[in-house]
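What follows is the content of target_26.txt, which has compact mmCIF, C-alpha atoms:
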```txt
# COMPACT_ATOMS: atom_id res chain seq x y z
CA MET A 1 -37.17 -42.75 -25.66
CA LEU A 2 -35.60 -42.66 -29.14
CA LYS A 3 -38.87 -43.83 -30.70
CA ARG A 4 -40.78 -41.06 -28.91
CA LEU A 5 -38.24 -38.48 -30.11
CA VAL A 6 -38.53 -39.69 -33.71
CA LEU A 7 -42.33 -39.50 -33.59
CA THR A 8 -42.25 -36.04 -32.03
CA THR A 9 -39.78 -34.80 -34.64
CA ALA A 10 -41.93 -36.23 -37.44
CA ALA A 11 -44.99 -34.49 -36.06
CA LEU A 12 -43.16 -31.18 -35.87
CA LEU A 13 -41.92 -31.54 -39.44
CA LEU A 14 -45.45 -32.32 -40.63
CA ALA A 15 -46.79 -29.25 -38.85
CA VAL A 16 -44.14 -27.08 -40.50
CA ALA A 17 -44.76 -28.64 -43.91
CA THR A 18 -48.53 -28.08 -43.68
CA PRO A 19 -49.20 -24.33 -43.98
CA ALA A 20 -52.20 -22.84 -42.23
CA ALA A 21 -55.05 -21.57 -44.37
CA ALA A 22 -54.50 -17.98 -45.41
CA ALA A 23 -56.61 -15.30 -43.77
CA PRO A 24 -59.52 -13.82 -45.73
CA THR A 25 -58.73 -10.92 -48.03
CA SER A 26 -60.70 -7.75 -48.75
CA GLU A 27 -61.89 -9.21 -52.07
CA ILE A 28 -65.70 -9.30 -52.46
CA VAL A 29 -67.19 -12.68 -53.36
CA TYR A 30 -69.75 -12.97 -56.16
CA THR A 31 -69.77 -16.71 -56.86
CA THR A 32 -70.19 -20.14 -55.31
CA ARG A 33 -67.20 -22.05 -54.02
CA THR A 34 -67.64 -24.78 -56.65
CA SER A 35 -68.34 -24.55 -60.36
CA GLY A 36 -71.05 -26.21 -62.41
CA GLN A 37 -74.81 -26.10 -62.11
CA VAL A 38 -74.89 -24.82 -58.54
CA LEU A 39 -76.60 -22.02 -56.66
CA ALA A 40 -76.00 -20.45 -53.25
CA LEU A 41 -78.93 -19.30 -51.12
CA THR A 42 -78.51 -16.45 -48.64
CA PHE A 43 -81.07 -14.99 -46.25
CA ASP A 44 -80.70 -11.53 -44.66
CA ASP A 45 -82.03 -9.46 -41.76
CA GLY A 46 -82.99 -12.25 -39.37
CA PRO A 47 -83.49 -14.06 -37.26
CA SER A 48 -87.25 -13.61 -37.25
CA PRO A 49 -89.50 -15.64 -34.94
CA GLU A 50 -92.13 -15.94 -37.65
CA TRP A 51 -90.15 -16.52 -40.83
CA THR A 52 -86.77 -17.99 -39.90
CA PRO A 53 -88.30 -21.25 -38.57
CA ARG A 54 -90.29 -21.63 -41.78
CA VAL A 55 -87.18 -21.11 -43.90
CA LEU A 56 -85.28 -23.61 -41.76
CA ASP A 57 -88.10 -26.14 -42.06
CA LEU A 58 -88.04 -25.78 -45.85
CA LEU A 59 -84.27 -26.17 -46.02
CA ARG A 60 -84.44 -29.28 -43.85
CA GLU A 61 -87.30 -30.73 -45.92
CA THR A 62 -85.44 -30.16 -49.18
CA LYS A 63 -82.02 -31.09 -47.73
CA THR A 64 -80.55 -27.74 -48.69
CA ARG A 65 -78.03 -25.42 -47.04
CA ALA A 66 -77.97 -21.63 -46.97
CA VAL A 67 -76.08 -18.74 -45.41
CA PHE A 68 -77.92 -16.65 -42.80
CA CYS A 69 -76.79 -13.03 -42.59
CA LEU A 70 -77.75 -12.05 -39.06
CA VAL A 71 -78.47 -8.64 -37.57
CA GLY A 72 -77.05 -8.30 -34.07
CA SER A 73 -80.06 -6.57 -32.52
CA GLU A 74 -82.32 -9.42 -33.71
CA VAL A 75 -79.86 -12.06 -32.58
CA VAL A 76 -80.09 -10.70 -29.02
CA LYS A 77 -83.88 -11.03 -29.12
CA TYR A 78 -84.02 -14.56 -30.55
CA PRO A 79 -80.96 -16.55 -29.45
CA ASP A 80 -82.73 -19.91 -29.80
CA LEU A 81 -83.10 -19.32 -33.53
CA VAL A 82 -79.36 -18.73 -33.83
CA LYS A 83 -78.77 -22.03 -32.04
CA ARG A 84 -81.08 -23.78 -34.48
CA ILE A 85 -79.42 -22.22 -37.54
CA VAL A 86 -76.02 -23.36 -36.31
CA ALA A 87 -77.23 -26.83 -35.31
CA ASP A 88 -78.66 -27.32 -38.79
CA GLY A 89 -75.22 -26.70 -40.26
CA HIS A 90 -75.92 -23.37 -41.91
CA PRO A 91 -73.00 -20.91 -41.93
CA VAL A 92 -73.72 -17.53 -40.38
CA CYS A 93 -72.80 -14.10 -41.65
CA ASN A 94 -72.25 -10.77 -39.88
CA HIS A 95 -74.83 -8.29 -41.22
CA THR A 96 -74.01 -5.51 -38.73
CA TYR A 97 -75.64 -4.80 -35.41
CA GLY A 98 -78.60 -2.69 -36.54
CA HIS A 99 -78.48 -2.84 -40.35
CA GLU A 100 -76.50 0.38 -40.51
CA ASN A 101 -75.05 2.02 -43.59
CA LEU A 102 -71.42 1.51 -42.64
CA ALA A 103 -70.24 4.14 -45.13
CA THR A 104 -71.57 6.78 -42.72
CA LEU A 105 -69.37 5.52 -39.86
CA THR A 106 -65.72 6.04 -39.04
CA PRO A 107 -63.38 3.02 -39.37
CA GLU A 108 -63.31 2.74 -35.58
CA GLN A 109 -67.11 2.69 -35.46
CA VAL A 110 -67.27 0.09 -38.23
CA ARG A 111 -64.91 -2.22 -36.36
CA ALA A 112 -66.80 -1.75 -33.10
CA ASN A 113 -70.08 -2.52 -34.86
CA LEU A 114 -68.81 -5.75 -36.42
CA VAL A 115 -67.10 -6.86 -33.21
CA ALA A 116 -70.32 -6.29 -31.23
CA THR A 117 -72.31 -8.26 -33.83
CA ASN A 118 -69.86 -11.17 -33.70
CA ALA A 119 -70.06 -11.19 -29.90
CA ALA A 120 -73.86 -11.21 -29.98
CA ILE A 121 -73.97 -14.09 -32.48
CA ARG A 122 -71.49 -16.20 -30.51
CA GLN A 123 -73.23 -15.54 -27.22
CA ALA A 124 -76.61 -16.48 -28.72
CA ALA A 125 -75.14 -19.65 -30.21
CA GLY A 126 -73.53 -20.56 -26.89
CA ASN A 127 -70.17 -20.94 -28.61
CA PRO A 128 -67.48 -18.30 -28.01
CA THR A 129 -65.40 -19.65 -30.91
CA LEU A 130 -68.23 -20.08 -33.43
CA PRO A 131 -66.90 -19.51 -36.98
CA ILE A 132 -68.53 -16.53 -38.70
CA PRO A 133 -67.04 -16.90 -42.18
CA TYR A 134 -68.94 -14.14 -43.98
CA PHE A 135 -69.74 -10.44 -43.71
CA ARG A 136 -72.41 -8.71 -45.79
CA ALA A 137 -72.70 -4.93 -45.85
CA PRO A 138 -76.27 -3.61 -45.65
CA PHE A 139 -77.44 -2.16 -48.96
CA GLY A 140 -74.40 -3.74 -50.62
CA ILE A 141 -72.23 -0.76 -49.69
CA PHE A 142 -68.77 -2.29 -49.52
CA ALA A 143 -66.90 1.02 -49.46
CA ALA A 144 -63.26 1.11 -48.36
CA PRO A 145 -62.04 0.43 -45.71
CA ILE A 146 -65.05 -1.71 -44.74
CA THR A 147 -63.86 -4.86 -46.50
CA ASP A 148 -60.38 -4.48 -44.99
CA ILE A 149 -61.88 -4.31 -41.52
CA ALA A 150 -64.09 -7.33 -42.23
CA ALA A 151 -61.09 -9.32 -43.47
CA SER A 152 -59.13 -8.43 -40.33
CA LEU A 153 -61.97 -10.04 -38.34
CA SER A 154 -61.72 -13.25 -40.43
CA HIS A 155 -64.76 -12.49 -42.62
CA THR A 156 -65.11 -12.92 -46.36
CA SER A 157 -67.13 -10.01 -47.80
CA LEU A 158 -70.19 -11.61 -49.37
CA ALA A 159 -72.13 -9.91 -52.17
CA TRP A 160 -74.87 -11.34 -54.40
CA THR A 161 -75.63 -11.64 -58.10
CA VAL A 162 -79.37 -12.35 -58.08
CA ASP A 163 -81.85 -10.10 -56.26
CA PRO A 164 -85.55 -10.99 -56.61
CA GLN A 165 -86.41 -7.87 -54.57
CA ASP A 166 -88.47 -9.87 -52.12
CA TRP A 167 -88.49 -6.78 -49.90
CA ASP A 168 -90.87 -4.84 -52.20
CA GLY A 169 -94.09 -6.67 -51.25
CA SER A 170 -94.47 -8.62 -54.49
CA PRO A 171 -96.41 -11.90 -54.30
CA ALA A 172 -94.76 -15.29 -54.61
CA PRO A 173 -95.53 -15.81 -58.36
CA VAL A 174 -93.68 -12.58 -59.16
CA LEU A 175 -90.69 -13.65 -57.06
CA VAL A 176 -90.70 -17.03 -58.80
CA GLN A 177 -90.68 -15.28 -62.16
CA ARG A 178 -87.81 -12.99 -61.18
CA LEU A 179 -85.71 -15.79 -59.71
CA THR A 180 -86.31 -18.05 -62.69
CA ALA A 181 -85.29 -15.30 -65.09
CA GLN A 182 -82.18 -14.25 -63.15
CA ALA A 183 -80.73 -17.49 -61.77
CA TYR A 184 -77.70 -18.99 -63.49
CA PRO A 185 -74.96 -21.48 -62.53
CA THR A 186 -72.70 -20.31 -59.64
CA ALA A 187 -75.05 -17.42 -58.75
CA ILE A 188 -75.48 -16.14 -55.20
CA LEU A 189 -79.15 -15.45 -54.47
CA LEU A 190 -80.20 -12.69 -52.09
CA SER A 191 -83.40 -13.14 -50.09
CA HIS A 192 -84.70 -12.26 -46.63
CA ASP A 193 -86.01 -14.16 -43.63
CA GLY A 194 -86.36 -11.01 -41.51
CA GLY A 195 -87.26 -7.36 -41.75
CA GLY A 196 -90.89 -7.78 -42.77
CA ASP A 197 -93.51 -10.18 -44.09
CA ARG A 198 -91.56 -12.96 -45.84
CA SER A 199 -94.46 -15.28 -46.65
CA ALA A 200 -93.96 -14.69 -50.38
CA THR A 201 -90.26 -15.54 -50.07
CA VAL A 202 -91.00 -18.84 -48.34
CA ALA A 203 -93.71 -19.72 -50.88
CA ALA A 204 -91.42 -18.88 -53.81
CA TYR A 205 -88.66 -21.18 -52.57
CA GLN A 206 -91.15 -23.93 -51.75
CA ASP A 207 -91.88 -23.89 -55.47
CA LEU A 208 -88.39 -23.30 -56.83
CA ILE A 209 -86.00 -25.42 -54.77
CA PRO A 210 -87.59 -28.76 -55.81
CA ARG A 211 -87.93 -27.47 -59.38
CA TRP A 212 -84.28 -26.45 -59.55
CA LYS A 213 -83.17 -29.78 -58.13
CA THR A 214 -85.24 -31.64 -60.71
CA ALA A 215 -83.56 -29.54 -63.40
CA GLY A 216 -80.16 -30.70 -62.18
CA TYR A 217 -79.13 -27.84 -59.91
CA THR A 218 -77.42 -28.48 -56.59
CA PHE A 219 -76.85 -26.01 -53.77
CA ASP A 220 -73.47 -24.99 -52.43
CA LEU A 221 -72.05 -22.23 -50.26
CA PRO A 222 -70.52 -18.98 -51.49
CA ALA A 223 -66.78 -18.93 -51.98
CA THR A 224 -64.43 -17.70 -49.28
CA THR A 225 -61.28 -15.67 -49.85
CA GLY A 226 -57.74 -16.35 -48.77
CA GLY A 227 -58.10 -20.12 -48.99
CA SER A 228 -60.00 -20.32 -45.72
CA PRO A 229 -62.55 -23.17 -45.61
CA THR A 230 -66.10 -22.76 -44.34
CA PRO A 231 -66.05 -24.62 -41.01
CA CYS A 232 -68.74 -27.04 -39.91
CA THR A 233 -71.19 -25.79 -37.30
CA ALA A 234 -73.55 -28.76 -36.85
CA PRO A 235 -72.63 -31.09 -33.97
CA THR A 236 -70.25 -33.96 -34.58
CA TRP A 237 -71.89 -37.39 -34.90
CA ASN A 238 -71.77 -39.49 -31.72
CA ARG A 239 -72.55 -43.19 -31.86
CA ASN A 240 -74.27 -43.08 -28.45
CA THR A 241 -76.68 -40.27 -29.36
CA THR A 242 -80.20 -40.88 -30.66
CA TYR A 243 -81.01 -38.73 -33.71
CA LEU A 244 -84.48 -37.84 -34.93
CA VAL A 245 -85.51 -37.38 -38.55
CA GLY A 246 -84.09 -34.18 -40.03
CA THR A 247 -81.24 -33.88 -37.53
CA ARG A 248 -77.96 -32.75 -39.07
CA VAL A 249 -74.50 -33.85 -37.96
CA THR A 250 -70.96 -33.61 -39.22
CA GLN A 251 -68.48 -36.42 -39.68
CA ASP A 252 -65.00 -36.12 -41.17
CA GLY A 253 -65.68 -32.67 -42.61
CA LYS A 254 -69.00 -33.57 -44.24
CA LEU A 255 -72.60 -32.72 -43.34
CA TYR A 256 -75.32 -35.37 -43.12
CA GLN A 257 -79.09 -35.31 -42.45
CA ALA A 258 -80.98 -38.15 -40.81
CA ASN A 259 -83.75 -39.67 -42.92
CA TRP A 260 -85.45 -41.16 -39.85
CA TRP A 261 -84.80 -42.09 -36.23
CA THR A 262 -81.33 -43.53 -35.87
CA ARG A 263 -78.66 -44.53 -33.39
CA LEU A 264 -75.26 -46.20 -33.75
CA GLU A 265 -75.29 -45.96 -37.57
CA ARG A 266 -72.21 -44.09 -38.75
CA PRO A 267 -73.29 -41.52 -41.41
CA SER A 268 -70.54 -42.31 -43.91
CA ALA A 269 -71.37 -46.02 -43.73
CA ALA A 270 -75.18 -45.79 -43.75
CA PRO A 271 -76.41 -43.94 -46.87
CA TRP A 272 -79.86 -45.46 -46.41
CA THR A 273 -80.16 -43.65 -43.07
CA TRP A 274 -78.12 -40.49 -43.62
CA THR A 275 -78.30 -38.20 -46.65
CA PRO A 276 -74.94 -36.58 -47.40
CA LEU A 277 -75.24 -32.80 -47.91
CA GLY A 278 -71.69 -32.26 -49.06
CA PRO A 279 -68.57 -30.84 -47.45
CA CYS A 280 -68.91 -28.28 -44.69
```
Written as structure tokens, how would this file's structure read?
Amino acid sequence: MLKRLVLTTAALLLAVATPAAAAPTSEIVYTTRTSGQVLALTFDDGPSPEWTPRVLDLLRETKTRAVFCLVGSEVVKYPDLVKRIVADGHPVCNHTYGHENLATLTPEQVRANLVATNAAIRQAAGNPTLPIPYFRAPFGIFAAPITDIAASLSHTSLAWTVDPQDWDGSPAPVLVQRLTAQAYPTAILLSHDGGGDRSATVAAYQDLIPRWKTAGYTFDLPATTGGSPTPCTAPTWNRNTTYLVGTRVTQDGKLYQANWWTRLERPSAAPWTWTPLGPC
């Protein structure tokens, strides 16, 4: 009995001594969460049945992560794509329900919009507690009190620092030129997987991601505010599950991708089978 009491007391003291992560603030993020020669990819306005799968295929092929800023009305139409985004370990971002200019809405309408978008994303993902770490205002209009409302819903307000304007119909070589000229270490890149023909966007990143990696760049996630980590969304590795090539799992707070068919091999102990993609 005494031993149990001592252990319980120790656990309580540890819980008190370990503060919870602070809630997000209304600060707007313009940089990656780590320093060095890193970039963060973000894709807006999806999911799209034509372009989101092609972006996901490319990210899996190149072992890269990105943030997907989802529009609620599209999420409702294509829930299976939301499930795939989450299963691949990509963080999701609230991009409003219908891509509205939130500056034209009252604070109550803004909150209702973001709450409805969160609900749609979680329902599509089949996970009522799915983390949605980011919020991105359409058109980059982060007028007060929008960021305060986003923070109260546990979102970091996510901006960008590189915009190749892939929404203007330019061909892939032009997008490659713009991205090459604008990209720099710790930049957050804005692109789109929805809202129109994104073939040029996919082609541009097919060219650039391998080129950037050869040049020494790695890919990370945008920073979060308030000290809150970006939670894992890919399923936890299970020794009794069979995994196909390209499948992503989490283990001990890290994301891994299977290089081929595998079973029983623990990701952290089998680097020949699992490629580590960094912390979640």
**Study point:** Long-range neighbours of A:Thr104 as a list in words, 12 Å cut-off, all atoms listed in the file, 4 positions minimum in chain
**Key:** Glu100, Glu108, Gln109, Val110, Pro138, Ile141, Phe142, Ala143, Ala144, Pro145 and Ile146 of chain A
Expected file: the selected residues, C-alpha atoms, as a short mmCIF file (atom, residue, chain, number, x, y, z; two decimals), in the coordinates of the input:
```
data_model
loop_
_atom_site.label_atom_id
_atom_site.label_comp_id
_atom_site.auth_asym_id
_atom_site.auth_seq_id
_atom_site.Cartn_x
_atom_site.Cartn_y
_atom_site.Cartn_z
CA GLU A 100 -76.50 0.38 -40.51
CA GLU A 108 -63.31 2.74 -35.58
CA GLN A 109 -67.11 2.69 -35.46
CA VAL A 110 -67.27 0.09 -38.23
CA PRO A 138 -76.27 -3.61 -45.65
CA ILE A 141 -72.23 -0.76 -49.69
CA PHE A 142 -68.77 -2.29 -49.52
CA ALA A 143 -66.90 1.02 -49.46
CA ALA A 144 -63.26 1.11 -48.36
CA PRO A 145 -62.04 0.43 -45.71
CA ILE A 146 -65.05 -1.71 -44.74
#
```
**Study point:** Exercise: A:Phe135 partners within 12 Å, only C-alpha atoms, chain neighbours under 2 positions left out, as number ranges by chain
**Key:** A: 24-29, 42, 44, 67-71, 91-97, 113-115, 117-118, 131-133, 137-138, 140-142, 146-160, 222, 224-225
Review point. What gap, in Å, lies between atom CA of A:Pro171 and atom CA of A:Asp197?
Key: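 Distance reported for this atom pair: 10.8 Å.
For the set A:Ala112, A:Ala23, A:Val38, A:Ala172, the residue with the smallest atom-to-atom gap to A:Gly216 is A:Val38, counting all atoms listed in the file.
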Point to revise | 12 Å contact set for A:Asp207, all atoms listed in the file, chain neighbours under 5 positions out, as number ranges by chain | key: A: 58, 62, 172-173, 175-177, 179-180, 200-202, 212-214
**Study point:** atom CA of A:Pro53 to atom CA of A:Ile188, distance in Å rounded to a single decimal
**Key:**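 Distance between the two atoms: 21.6 Å.
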Practice item. Give as a list in words every residue, naming chains and numbers as the document does, that has an atom within 8 Å of (-80.2, -45.0, -33.6), counting all atoms listed in the file. Key: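 Looking at atoms near the point gives Thr241, Thr242, Tyr243, Trp261, Thr262, Arg263, Leu264 and Glu265 of chain A.
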Would you export the selected residues with C-alpha atoms as a PDB file, in the frame of the given file, please?
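Heads up, here's the output in out19.pdb:
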```pdb
ATOM      1  CA  THR A 241     -76.680 -40.270 -29.360  1.00  0.00           C
ATOM      2  CA  THR A 242     -80.200 -40.880 -30.660  1.00  0.00           C
ATOM      3  CA  TYR A 243     -81.010 -38.730 -33.710  1.00  0.00           C
ATOM      4  CA  TRP A 261     -84.800 -42.090 -36.230  1.00  0.00           C
ATOM      5  CA  THR A 262     -81.330 -43.530 -35.870  1.00  0.00           C
ATOM      6  CA  ARG A 263     -78.660 -44.530 -33.390  1.00  0.00           C
ATOM      7  CA  LEU A 264     -75.260 -46.200 -33.750  1.00  0.00           C
ATOM      8  CA  GLU A 265     -75.290 -45.960 -37.570  1.00  0.00           C
TER       9      GLU A 265
END
```
**Study point:** Residue contacts of A:Trp51 (10 Å, all atoms listed in the file) excluding same-chain residues fewer than 4 positions away, as a PyMOL selection string
**Key:** chain A and resi 46-47+55-57+192-199+201-202
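Note that the spacing between atom CA of A:Lys254 and atom CA of A:Thr218 amounts to 15.8 Å.
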Practice item. Would you mind telling me which residue in A:Gln251, A:Gln257, A:Gln123, A:Asn101 lies nearest to A:Val82 when using only C-alpha atoms? Key: A:Gln123
